[in-house]
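Undergrad: See query17.cif below, with mmCIF, N, CA and C atoms.
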data_input
loop_
_atom_site.label_atom_id
_atom_site.label_comp_id
_atom_site.auth_asym_id
_atom_site.auth_seq_id
_atom_site.Cartn_x
_atom_site.Cartn_y
_atom_site.Cartn_z
N MET A 225 142.04 -25.33 -54.87
CA MET A 225 141.20 -24.15 -55.04
C MET A 225 141.35 -23.65 -56.48
N ASP A 226 140.25 -23.44 -57.17
CA ASP A 226 140.28 -23.02 -58.57
C ASP A 226 140.45 -21.53 -58.76
N GLY A 227 140.17 -20.72 -57.76
CA GLY A 227 140.17 -19.28 -57.95
C GLY A 227 141.44 -18.56 -57.53
N PHE A 228 142.37 -19.31 -56.92
CA PHE A 228 143.60 -18.62 -56.48
C PHE A 228 144.73 -19.62 -56.35
N PRO A 229 145.84 -19.39 -56.95
CA PRO A 229 146.10 -18.36 -57.96
C PRO A 229 145.58 -18.80 -59.33
N THR A 230 145.46 -17.84 -60.22
CA THR A 230 145.06 -18.13 -61.60
C THR A 230 146.12 -17.58 -62.54
N ASP A 231 146.14 -18.07 -63.76
CA ASP A 231 147.15 -17.64 -64.73
C ASP A 231 147.04 -16.17 -65.11
N ASP A 232 145.85 -15.59 -64.94
CA ASP A 232 145.67 -14.20 -65.36
C ASP A 232 145.84 -13.20 -64.22
N MET A 233 146.39 -13.65 -63.08
CA MET A 233 146.62 -12.75 -61.95
C MET A 233 147.87 -11.90 -62.18
N GLU A 234 147.91 -10.75 -61.54
CA GLU A 234 149.09 -9.89 -61.50
C GLU A 234 149.33 -9.49 -60.06
N LEU A 235 150.56 -9.22 -59.73
CA LEU A 235 150.93 -8.82 -58.38
C LEU A 235 151.35 -7.35 -58.40
N THR A 236 150.86 -6.57 -57.45
CA THR A 236 151.23 -5.17 -57.30
C THR A 236 151.90 -5.00 -55.96
N ARG A 237 153.01 -4.30 -55.94
CA ARG A 237 153.71 -3.97 -54.71
C ARG A 237 153.33 -2.55 -54.32
N LEU A 238 152.98 -2.32 -53.05
CA LEU A 238 152.61 -1.00 -52.56
C LEU A 238 153.72 -0.47 -51.66
N LEU A 239 154.11 0.77 -51.88
CA LEU A 239 155.08 1.45 -51.03
C LEU A 239 154.48 2.75 -50.53
N VAL A 240 154.68 3.03 -49.25
CA VAL A 240 154.16 4.26 -48.64
C VAL A 240 155.29 5.29 -48.62
N VAL A 241 154.97 6.50 -49.09
CA VAL A 241 155.95 7.58 -49.18
C VAL A 241 155.46 8.81 -48.43
N GLY A 242 156.39 9.71 -48.12
CA GLY A 242 156.04 10.93 -47.41
C GLY A 242 155.59 12.06 -48.31
N ASP A 243 156.12 12.13 -49.52
CA ASP A 243 155.81 13.23 -50.44
C ASP A 243 155.60 12.64 -51.83
N ILE A 244 154.38 12.71 -52.32
CA ILE A 244 154.02 12.07 -53.58
C ILE A 244 154.74 12.70 -54.77
N GLU A 245 154.99 14.01 -54.74
CA GLU A 245 155.68 14.67 -55.86
C GLU A 245 157.15 14.29 -55.91
N VAL A 246 157.80 14.21 -54.75
CA VAL A 246 159.19 13.74 -54.70
C VAL A 246 159.26 12.30 -55.21
N ALA A 247 158.31 11.49 -54.78
CA ALA A 247 158.27 10.10 -55.22
C ALA A 247 158.06 10.00 -56.73
N ARG A 248 157.14 10.80 -57.27
CA ARG A 248 156.89 10.77 -58.72
C ARG A 248 158.18 11.04 -59.49
N ARG A 249 158.86 12.10 -59.12
CA ARG A 249 160.11 12.45 -59.82
C ARG A 249 161.13 11.32 -59.70
N TRP A 250 161.31 10.78 -58.51
CA TRP A 250 162.33 9.76 -58.29
C TRP A 250 162.01 8.47 -59.05
N TYR A 251 160.77 8.00 -58.94
CA TYR A 251 160.42 6.73 -59.58
C TYR A 251 160.41 6.83 -61.11
N VAL A 252 160.00 7.96 -61.64
CA VAL A 252 160.00 8.13 -63.10
C VAL A 252 161.38 8.50 -63.61
N ASP A 253 162.02 9.51 -63.01
CA ASP A 253 163.30 10.01 -63.53
C ASP A 253 164.49 9.12 -63.18
N VAL A 254 164.53 8.59 -61.98
CA VAL A 254 165.68 7.77 -61.56
C VAL A 254 165.48 6.31 -61.93
N LEU A 255 164.35 5.73 -61.54
CA LEU A 255 164.13 4.31 -61.83
C LEU A 255 163.65 4.05 -63.25
N GLY A 256 163.08 5.06 -63.90
CA GLY A 256 162.57 4.86 -65.26
C GLY A 256 161.21 4.20 -65.31
N ALA A 257 160.45 4.27 -64.21
CA ALA A 257 159.10 3.71 -64.18
C ALA A 257 158.19 4.53 -65.09
N THR A 258 157.16 3.90 -65.58
CA THR A 258 156.13 4.56 -66.39
C THR A 258 154.95 4.89 -65.49
N LEU A 259 154.54 6.15 -65.49
CA LEU A 259 153.37 6.57 -64.73
C LEU A 259 152.12 6.15 -65.50
N GLU A 260 151.35 5.24 -64.92
CA GLU A 260 150.15 4.71 -65.57
C GLU A 260 148.88 5.41 -65.09
N GLY A 261 148.94 6.02 -63.90
CA GLY A 261 147.77 6.71 -63.38
C GLY A 261 148.08 7.33 -62.03
N GLU A 262 147.19 8.21 -61.60
CA GLU A 262 147.33 8.83 -60.29
C GLU A 262 145.95 9.17 -59.76
N TYR A 263 145.85 9.16 -58.43
CA TYR A 263 144.55 9.36 -57.80
C TYR A 263 144.65 10.36 -56.67
N GLY A 264 143.91 11.45 -56.79
CA GLY A 264 143.72 12.41 -55.72
C GLY A 264 144.96 13.03 -55.12
N GLY A 265 146.06 13.03 -55.83
CA GLY A 265 147.29 13.60 -55.29
C GLY A 265 147.90 12.78 -54.17
N THR A 266 147.43 11.54 -53.99
CA THR A 266 147.94 10.69 -52.90
C THR A 266 148.43 9.34 -53.38
N SER A 267 148.20 8.99 -54.64
CA SER A 267 148.57 7.67 -55.14
C SER A 267 149.09 7.75 -56.56
N LEU A 268 150.14 6.99 -56.84
CA LEU A 268 150.69 6.86 -58.18
C LEU A 268 150.65 5.39 -58.57
N VAL A 269 150.20 5.11 -59.78
CA VAL A 269 150.24 3.76 -60.31
C VAL A 269 151.37 3.73 -61.33
N LEU A 270 152.37 2.90 -61.07
CA LEU A 270 153.56 2.85 -61.89
C LEU A 270 153.76 1.45 -62.45
N LYS A 271 154.44 1.37 -63.56
CA LYS A 271 154.80 0.09 -64.16
C LYS A 271 156.31 0.12 -64.36
N ILE A 272 156.97 -0.94 -63.89
CA ILE A 272 158.41 -1.06 -64.06
C ILE A 272 158.80 -2.52 -64.11
N ALA A 273 159.65 -2.85 -65.06
CA ALA A 273 160.14 -4.22 -65.22
C ALA A 273 159.00 -5.22 -65.31
N GLY A 274 157.92 -4.84 -65.99
CA GLY A 274 156.78 -5.72 -66.16
C GLY A 274 155.91 -5.89 -64.93
N ALA A 275 156.17 -5.11 -63.89
CA ALA A 275 155.41 -5.24 -62.64
C ALA A 275 154.72 -3.93 -62.30
N TRP A 276 153.64 -4.03 -61.52
CA TRP A 276 152.91 -2.87 -61.04
C TRP A 276 153.48 -2.42 -59.71
N LEU A 277 153.56 -1.12 -59.52
CA LEU A 277 153.99 -0.54 -58.26
C LEU A 277 153.01 0.57 -57.92
N LEU A 278 152.42 0.48 -56.76
CA LEU A 278 151.50 1.50 -56.28
C LEU A 278 152.22 2.27 -55.19
N VAL A 279 152.39 3.57 -55.38
CA VAL A 279 153.07 4.44 -54.43
C VAL A 279 152.02 5.36 -53.83
N VAL A 280 151.88 5.33 -52.51
CA VAL A 280 150.82 6.08 -51.84
C VAL A 280 151.38 6.86 -50.66
N THR A 281 150.66 7.92 -50.30
CA THR A 281 151.01 8.63 -49.07
C THR A 281 150.40 7.87 -47.89
N GLY A 282 150.87 8.17 -46.71
CA GLY A 282 150.39 7.48 -45.52
C GLY A 282 148.92 7.71 -45.27
N GLY A 283 148.37 6.88 -44.38
CA GLY A 283 146.96 7.04 -44.07
C GLY A 283 146.55 6.28 -42.82
N ASP A 284 145.48 6.75 -42.23
CA ASP A 284 144.93 6.13 -41.03
C ASP A 284 144.18 4.85 -41.38
N PRO A 285 143.83 4.07 -40.36
CA PRO A 285 143.03 2.87 -40.60
C PRO A 285 141.72 3.21 -41.33
N THR A 286 141.22 2.23 -42.06
CA THR A 286 139.95 2.35 -42.78
C THR A 286 139.04 1.20 -42.35
N ASP A 287 137.79 1.24 -42.79
CA ASP A 287 136.83 0.20 -42.42
C ASP A 287 137.32 -1.20 -42.79
N ASP A 288 138.01 -1.32 -43.93
CA ASP A 288 138.43 -2.64 -44.38
C ASP A 288 139.78 -3.08 -43.81
N LYS A 289 140.50 -2.18 -43.16
CA LYS A 289 141.75 -2.50 -42.45
C LYS A 289 141.80 -1.67 -41.16
N PRO A 290 140.93 -1.99 -40.22
CA PRO A 290 140.69 -1.14 -39.04
C PRO A 290 141.87 -0.99 -38.08
N THR A 291 142.89 -1.82 -38.17
CA THR A 291 144.02 -1.71 -37.24
C THR A 291 145.31 -1.32 -37.94
N VAL A 292 145.24 -0.98 -39.23
CA VAL A 292 146.44 -0.75 -40.03
C VAL A 292 146.60 0.72 -40.38
N THR A 293 147.76 1.28 -40.05
CA THR A 293 148.13 2.64 -40.44
C THR A 293 149.28 2.55 -41.43
N PHE A 294 149.16 3.26 -42.55
CA PHE A 294 150.22 3.27 -43.56
C PHE A 294 151.19 4.40 -43.25
N VAL A 295 152.48 4.07 -43.12
CA VAL A 295 153.53 5.06 -42.87
C VAL A 295 154.76 4.69 -43.69
N PRO A 296 155.54 5.71 -44.10
CA PRO A 296 156.82 5.42 -44.75
C PRO A 296 157.78 4.79 -43.73
N PRO A 297 158.87 4.20 -44.19
CA PRO A 297 159.82 3.61 -43.24
C PRO A 297 160.28 4.63 -42.20
N GLU A 298 160.31 4.22 -40.95
CA GLU A 298 160.75 5.11 -39.89
C GLU A 298 162.26 5.05 -39.70
N ASP A 299 162.87 3.90 -40.00
CA ASP A 299 164.32 3.72 -39.88
C ASP A 299 164.79 2.95 -41.11
N PRO A 300 165.42 3.62 -42.07
CA PRO A 300 165.80 2.95 -43.31
C PRO A 300 166.83 1.83 -43.11
N ASP A 301 167.45 1.76 -41.94
CA ASP A 301 168.41 0.69 -41.68
C ASP A 301 167.76 -0.55 -41.07
N ARG A 302 166.46 -0.50 -40.86
CA ARG A 302 165.70 -1.68 -40.38
C ARG A 302 164.68 -2.00 -41.46
N VAL A 303 164.92 -3.10 -42.16
CA VAL A 303 164.17 -3.41 -43.37
C VAL A 303 163.39 -4.71 -43.21
N SER A 304 162.13 -4.69 -43.63
CA SER A 304 161.34 -5.92 -43.63
C SER A 304 161.04 -6.39 -45.05
N ALA A 305 161.34 -5.57 -46.05
CA ALA A 305 161.12 -5.95 -47.44
C ALA A 305 162.01 -5.08 -48.33
N GLU A 306 162.29 -5.58 -49.52
CA GLU A 306 163.02 -4.79 -50.51
C GLU A 306 162.55 -5.19 -51.89
N LEU A 307 162.83 -4.36 -52.87
CA LEU A 307 162.55 -4.69 -54.26
C LEU A 307 163.88 -5.01 -54.94
N ILE A 308 163.92 -6.12 -55.64
CA ILE A 308 165.16 -6.59 -56.27
C ILE A 308 164.98 -6.62 -57.78
N PHE A 309 165.92 -6.00 -58.48
CA PHE A 309 165.95 -6.04 -59.94
C PHE A 309 167.12 -6.92 -60.37
N ARG A 310 166.82 -8.05 -61.02
CA ARG A 310 167.88 -8.86 -61.62
C ARG A 310 168.17 -8.23 -62.96
N VAL A 311 169.40 -7.78 -63.15
CA VAL A 311 169.79 -7.07 -64.36
C VAL A 311 170.88 -7.87 -65.08
N PRO A 312 171.06 -7.64 -66.37
CA PRO A 312 172.10 -8.37 -67.10
C PRO A 312 173.51 -8.01 -66.63
N ASP A 313 173.72 -6.74 -66.26
CA ASP A 313 175.04 -6.27 -65.88
C ASP A 313 174.89 -5.28 -64.72
N CYS A 314 175.19 -5.72 -63.52
CA CYS A 314 175.00 -4.89 -62.33
C CYS A 314 175.83 -3.61 -62.39
N ARG A 315 177.05 -3.74 -62.83
CA ARG A 315 177.92 -2.55 -62.86
C ARG A 315 177.40 -1.50 -63.84
N ALA A 316 176.92 -1.92 -64.99
CA ALA A 316 176.37 -0.98 -65.97
C ALA A 316 175.09 -0.34 -65.42
N ALA A 317 174.23 -1.13 -64.80
CA ALA A 317 173.00 -0.58 -64.21
C ALA A 317 173.35 0.40 -63.09
N TYR A 318 174.34 0.07 -62.30
CA TYR A 318 174.80 0.96 -61.22
C TYR A 318 175.22 2.31 -61.80
N GLN A 319 176.04 2.29 -62.85
CA GLN A 319 176.51 3.54 -63.46
C GLN A 319 175.34 4.37 -63.98
N GLU A 320 174.38 3.73 -64.64
CA GLU A 320 173.22 4.44 -65.18
C GLU A 320 172.38 5.05 -64.06
N LEU A 321 172.15 4.29 -63.00
CA LEU A 321 171.32 4.80 -61.90
C LEU A 321 172.02 5.93 -61.15
N VAL A 322 173.32 5.87 -61.01
CA VAL A 322 174.07 6.96 -60.38
C VAL A 322 173.92 8.24 -61.21
N ILE A 323 174.05 8.11 -62.53
CA ILE A 323 173.88 9.26 -63.42
C ILE A 323 172.49 9.87 -63.26
N ARG A 324 171.48 9.03 -63.06
CA ARG A 324 170.10 9.50 -62.91
C ARG A 324 169.80 10.06 -61.52
N GLY A 325 170.72 9.86 -60.57
CA GLY A 325 170.52 10.44 -59.24
C GLY A 325 170.32 9.47 -58.10
N ALA A 326 170.43 8.17 -58.35
CA ALA A 326 170.30 7.20 -57.26
C ALA A 326 171.52 7.29 -56.34
N THR A 327 171.28 7.13 -55.05
CA THR A 327 172.35 7.12 -54.06
C THR A 327 172.48 5.71 -53.50
N PHE A 328 173.63 5.11 -53.73
CA PHE A 328 173.88 3.73 -53.33
C PHE A 328 174.54 3.67 -51.96
N LEU A 329 174.31 2.58 -51.25
CA LEU A 329 174.95 2.36 -49.97
C LEU A 329 176.43 2.07 -50.15
N HIS A 330 176.78 1.46 -51.30
CA HIS A 330 178.16 1.07 -51.61
C HIS A 330 178.21 0.78 -53.10
N GLU A 331 179.36 0.85 -53.71
CA GLU A 331 179.47 0.46 -55.11
C GLU A 331 179.23 -1.04 -55.22
N PRO A 332 179.01 -1.58 -56.42
CA PRO A 332 178.70 -3.01 -56.57
C PRO A 332 179.76 -3.91 -55.92
N VAL A 333 179.27 -4.96 -55.28
CA VAL A 333 180.14 -5.93 -54.59
C VAL A 333 179.98 -7.29 -55.27
N ASP A 334 181.10 -7.92 -55.58
CA ASP A 334 181.13 -9.26 -56.16
C ASP A 334 181.27 -10.25 -55.01
N ASN A 335 180.23 -11.06 -54.78
CA ASN A 335 180.29 -12.00 -53.67
C ASN A 335 180.60 -13.43 -54.13
N GLY A 336 181.08 -13.57 -55.34
CA GLY A 336 181.50 -14.87 -55.83
C GLY A 336 180.55 -15.52 -56.81
N TYR A 337 179.26 -15.33 -56.63
CA TYR A 337 178.30 -15.91 -57.57
C TYR A 337 177.41 -14.85 -58.21
N GLU A 338 177.40 -13.66 -57.64
CA GLU A 338 176.65 -12.55 -58.23
C GLU A 338 177.31 -11.24 -57.83
N VAL A 339 176.96 -10.21 -58.58
CA VAL A 339 177.39 -8.86 -58.26
C VAL A 339 176.12 -8.11 -57.87
N ARG A 340 176.17 -7.38 -56.75
CA ARG A 340 174.97 -6.66 -56.34
C ARG A 340 175.31 -5.35 -55.66
N ALA A 341 174.31 -4.45 -55.68
CA ALA A 341 174.45 -3.14 -55.05
C ALA A 341 173.08 -2.71 -54.56
N PHE A 342 173.07 -1.95 -53.47
CA PHE A 342 171.83 -1.53 -52.82
C PHE A 342 171.70 -0.01 -52.82
N PHE A 343 170.46 0.45 -52.98
CA PHE A 343 170.17 1.88 -52.93
C PHE A 343 168.79 2.07 -52.35
N ARG A 344 168.47 3.33 -52.01
CA ARG A 344 167.17 3.64 -51.40
C ARG A 344 166.45 4.71 -52.19
N ASP A 345 165.13 4.70 -52.06
CA ASP A 345 164.35 5.81 -52.59
C ASP A 345 164.38 6.94 -51.57
N PRO A 346 163.80 8.10 -51.86
CA PRO A 346 163.86 9.22 -50.92
C PRO A 346 163.25 8.94 -49.55
N ASP A 347 162.36 7.95 -49.45
CA ASP A 347 161.75 7.62 -48.17
C ASP A 347 162.48 6.51 -47.41
N GLY A 348 163.49 5.93 -48.02
CA GLY A 348 164.27 4.90 -47.35
C GLY A 348 163.95 3.47 -47.75
N HIS A 349 163.02 3.26 -48.69
CA HIS A 349 162.74 1.90 -49.16
C HIS A 349 163.99 1.35 -49.83
N LEU A 350 164.32 0.11 -49.54
CA LEU A 350 165.55 -0.51 -50.04
C LEU A 350 165.31 -1.18 -51.38
N PHE A 351 166.23 -0.97 -52.31
CA PHE A 351 166.24 -1.58 -53.63
C PHE A 351 167.58 -2.26 -53.84
N GLU A 352 167.56 -3.30 -54.63
CA GLU A 352 168.80 -4.03 -54.97
C GLU A 352 168.84 -4.24 -56.47
N ILE A 353 170.02 -4.08 -57.05
CA ILE A 353 170.27 -4.55 -58.41
C ILE A 353 171.31 -5.65 -58.29
N SER A 354 171.13 -6.70 -59.06
CA SER A 354 172.08 -7.80 -59.01
C SER A 354 172.15 -8.50 -60.35
N SER A 355 173.31 -9.09 -60.62
CA SER A 355 173.49 -9.89 -61.83
C SER A 355 174.31 -11.11 -61.46
N LEU A 356 173.95 -12.23 -62.09
CA LEU A 356 174.71 -13.45 -61.89
C LEU A 356 176.04 -13.32 -62.63
N HIS A 357 177.01 -14.12 -62.23
CA HIS A 357 178.30 -14.03 -62.91
C HIS A 357 178.15 -14.27 -64.38
N GLY A 358 179.02 -13.63 -65.11
CA GLY A 358 178.91 -13.56 -66.55
C GLY A 358 179.00 -12.09 -66.95
N ASP A 359 178.91 -11.21 -65.95
CA ASP A 359 179.05 -9.77 -66.20
C ASP A 359 180.40 -9.29 -65.69
N ARG A 360 181.34 -10.17 -65.48
CA ARG A 360 182.60 -9.86 -64.81
C ARG A 360 183.37 -8.69 -65.41
N GLY A 361 182.91 -8.07 -66.47
CA GLY A 361 183.59 -6.98 -67.15
C GLY A 361 184.20 -5.92 -66.37
#
Hey, can you dump this file as structure tokens for me?
TA:
Amino acid sequence: MDGFPTDDMELTRLLVVGDIEVARRWYVDVLGATLEGEYGGTSLVLKIAGAWLLVVTGGDPTDDKPTVTFVPPEDPDRVSAELIFRVPDCRAAYQELVIRGATFLHEPVDNGYEVRAFFRDPDGHLFEISSLHGDRG
């Protein structure tokens, strides 16, 4: 197939949140995302780590997705997806994110081949920072 995928495609990840203003502050101030646009007080277009992130409030089914309702995570301990940031130094990134207000599930753990740590946004979406060995500092 010639039309998919193509070299000029980009991927956007969508996350559903409960409060768009809380999300704006967290994604910009804690994660350091750049706010690229916003629509109707219900959607934020963000750029982080070279990727697009669309943050939206929940919503009922629409004509083009008649059986789909958008809701934030109902149980943050039951996860079907996460966003992972590969960083040069997990421990340094952990310290910076803690200073900015991120709440981690645990301090960074060295599992033998990488160091990683997990945290959540205010709605419970799971994020991971990890670095391959070489950051043993």
Undergrad: Nearest to A:Leu329: which of A:Arg315, A:Arg344, A:Glu306, A:Glu262 is it, counting all atoms listed in the file?
TA: A:Arg344
Undergrad: Let me make sure I understand: among A:His357, A:Gly282, A:Glu320, A:His349, which one has the smallest atom-to-atom distance to A:Asp243 if we use all atoms listed in the file?
TA: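 Selected residue with least distance to A:Asp243: A:Gly282.
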Undergrad: Restricting the calculation to only C-alpha atoms, which member of A:Ala275, A:Glu260, A:Phe342, A:Phe294 is positioned closest to A:Met233?
TA: A:Ala275
Undergrad: Please enumerate the residues selected by the PyMOL selection byres (((chain A and resi 311 and name CA) around 7) and name CA) when evaluated against the supplied file, formatted as a PyMOL selection string.
TA: chain A and resi 309-310+312-314+353-355
Undergrad: Can I get the selection written as a JSON list (two decimals), in the coordinates of the input, with N, CA and C atoms?
TA:
[["chain", "number", "residue", "atom", "x", "y", "z"],
["A", 309, "PHE", "N", 165.92, -6.00, -58.48],
["A", 309, "PHE", "CA", 165.95, -6.04, -59.94],
["A", 309, "PHE", "C", 167.12, -6.92, -60.37],
["A", 310, "ARG", "N", 166.82, -8.05, -61.02],
["A", 310, "ARG", "CA", 167.88, -8.86, -61.62],
["A", 310, "ARG", "C", 168.17, -8.23, -62.96],
["A", 312, "PRO", "N", 171.06, -7.64, -66.37],
["A", 312, "PRO", "CA", 172.10, -8.37, -67.10],
["A", 312, "PRO", "C", 173.51, -8.01, -66.63],
["A", 313, "ASP", "N", 173.72, -6.74, -66.26],
["A", 313, "ASP", "CA", 175.04, -6.27, -65.88],
["A", 313, "ASP", "C", 174.89, -5.28, -64.72],
["A", 314, "CYS", "N", 175.19, -5.72, -63.52],
["A", 314, "CYS", "CA", 175.00, -4.89, -62.33],
["A", 314, "CYS", "C", 175.83, -3.61, -62.39],
["A", 353, "ILE", "N", 170.02, -4.08, -57.05],
["A", 353, "ILE", "CA", 170.27, -4.55, -58.41],
["A", 353, "ILE", "C", 171.31, -5.65, -58.29],
["A", 354, "SER", "N", 171.13, -6.70, -59.06],
["A", 354, "SER", "CA", 172.08, -7.80, -59.01],
["A", 354, "SER", "C", 172.15, -8.50, -60.35],
["A", 355, "SER", "N", 173.31, -9.09, -60.62],
["A", 355, "SER", "CA", 173.49, -9.89, -61.83],
["A", 355, "SER", "C", 174.31, -11.11, -61.46]]
Undergrad: Applying 9 Å and only C-alpha atoms, which residues near A:Leu350 remain after dropping the ones on its own chain fewer than 4 positions away? List them as a PDB file with N, CA and C atoms, in the frame of the given file.
TA:
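Final output, saved to out24.pdb:
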ATOM      1  N   PRO A 300     165.420   3.620 -42.070  1.00  0.00           N
ATOM      2  CA  PRO A 300     165.800   2.950 -43.310  1.00  0.00           C
ATOM      3  C   PRO A 300     166.830   1.830 -43.110  1.00  0.00           C
ATOM      4  N   ASP A 301     167.450   1.760 -41.940  1.00  0.00           N
ATOM      5  CA  ASP A 301     168.410   0.690 -41.680  1.00  0.00           C
ATOM      6  C   ASP A 301     167.760  -0.550 -41.070  1.00  0.00           C
ATOM      7  N   VAL A 303     164.920  -3.100 -42.160  1.00  0.00           N
ATOM      8  CA  VAL A 303     164.170  -3.410 -43.370  1.00  0.00           C
ATOM      9  C   VAL A 303     163.390  -4.710 -43.210  1.00  0.00           C
ATOM     10  N   ALA A 305     161.340  -5.570 -46.050  1.00  0.00           N
ATOM     11  CA  ALA A 305     161.120  -5.950 -47.440  1.00  0.00           C
ATOM     12  C   ALA A 305     162.010  -5.080 -48.330  1.00  0.00           C
ATOM     13  N   GLU A 306     162.290  -5.580 -49.520  1.00  0.00           N
ATOM     14  CA  GLU A 306     163.020  -4.790 -50.510  1.00  0.00           C
ATOM     15  C   GLU A 306     162.550  -5.190 -51.890  1.00  0.00           C
ATOM     16  N   LEU A 307     162.830  -4.360 -52.870  1.00  0.00           N
ATOM     17  CA  LEU A 307     162.550  -4.690 -54.260  1.00  0.00           C
ATOM     18  C   LEU A 307     163.880  -5.010 -54.940  1.00  0.00           C
ATOM     19  N   ILE A 308     163.920  -6.120 -55.640  1.00  0.00           N
ATOM     20  CA  ILE A 308     165.160  -6.590 -56.270  1.00  0.00           C
ATOM     21  C   ILE A 308     164.980  -6.620 -57.780  1.00  0.00           C
ATOM     22  N   PHE A 342     173.070  -1.950 -53.470  1.00  0.00           N
ATOM     23  CA  PHE A 342     171.830  -1.530 -52.820  1.00  0.00           C
ATOM     24  C   PHE A 342     171.700  -0.010 -52.820  1.00  0.00           C
ATOM     25  N   PHE A 343     170.460   0.450 -52.980  1.00  0.00           N
ATOM     26  CA  PHE A 343     170.170   1.880 -52.930  1.00  0.00           C
ATOM     27  C   PHE A 343     168.790   2.070 -52.350  1.00  0.00           C
ATOM     28  N   ARG A 344     168.470   3.330 -52.010  1.00  0.00           N
ATOM     29  CA  ARG A 344     167.170   3.640 -51.400  1.00  0.00           C
ATOM     30  C   ARG A 344     166.450   4.710 -52.190  1.00  0.00           C
ATOM     31  N   ASP A 345     165.130   4.700 -52.060  1.00  0.00           N
ATOM     32  CA  ASP A 345     164.350   5.810 -52.590  1.00  0.00           C
ATOM     33  C   ASP A 345     164.380   6.940 -51.570  1.00  0.00           C
TER      34      ASP A 345
END
Undergrad: Check stretch 228-357 of chain A with DSSP on the backbone and list each residue it calls strand (DSSP E), as an NGL selection string.
TA: :A and (236-241 or 258-263 or 267-272 or 275-281 or 306-310 or 327-328 or 333-334 or 338-344 or 350-356)
Undergrad: Find the smallest box with edges along x, y and z containing every listed atom of stretch 302-319 of chain A, then add 4 Å on each side and report centre and edge lengths in Å to one decimal, as AutoDock Vina command-line options.
TA:
--center_x 169.5 --center_y -2.2 --center_z -53.7 --size_x 24.9 --size_y 21.2 --size_z 34.7
Undergrad: Using the chain letters and residue numbers of this document, give as a JSON list (two decimals) with N, CA and C atoms, in the coordinates of the input the residues selected by the PyMOL selection byres ((chain A and resi 330) around 8).
TA:
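Once written, result.json looks like this:
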[["chain", "number", "residue", "atom", "x", "y", "z"],
["A", 327, "THR", "N", 171.28, 7.13, -55.05],
["A", 327, "THR", "CA", 172.35, 7.12, -54.06],
["A", 327, "THR", "C", 172.48, 5.71, -53.50],
["A", 328, "PHE", "N", 173.63, 5.11, -53.73],
["A", 328, "PHE", "CA", 173.88, 3.73, -53.33],
["A", 328, "PHE", "C", 174.54, 3.67, -51.96],
["A", 329, "LEU", "N", 174.31, 2.58, -51.25],
["A", 329, "LEU", "CA", 174.95, 2.36, -49.97],
["A", 329, "LEU", "C", 176.43, 2.07, -50.15],
["A", 331, "GLU", "N", 179.36, 0.85, -53.71],
["A", 331, "GLU", "CA", 179.47, 0.46, -55.11],
["A", 331, "GLU", "C", 179.23, -1.04, -55.22],
["A", 332, "PRO", "N", 179.01, -1.58, -56.42],
["A", 332, "PRO", "CA", 178.70, -3.01, -56.57],
["A", 332, "PRO", "C", 179.76, -3.91, -55.92],
["A", 333, "VAL", "N", 179.27, -4.96, -55.28],
["A", 333, "VAL", "CA", 180.14, -5.93, -54.59],
["A", 333, "VAL", "C", 179.98, -7.29, -55.27],
["A", 340, "ARG", "N", 176.17, -7.38, -56.75],
["A", 340, "ARG", "CA", 174.97, -6.66, -56.34],
["A", 340, "ARG", "C", 175.31, -5.35, -55.66],
["A", 341, "ALA", "N", 174.31, -4.45, -55.68],
["A", 341, "ALA", "CA", 174.45, -3.14, -55.05],
["A", 341, "ALA", "C", 173.08, -2.71, -54.56],
["A", 342, "PHE", "N", 173.07, -1.95, -53.47],
["A", 342, "PHE", "CA", 171.83, -1.53, -52.82],
["A", 342, "PHE", "C", 171.70, -0.01, -52.82],
["A", 343, "PHE", "N", 170.46, 0.45, -52.98],
["A", 343, "PHE", "CA", 170.17, 1.88, -52.93],
["A", 343, "PHE", "C", 168.79, 2.07, -52.35]]
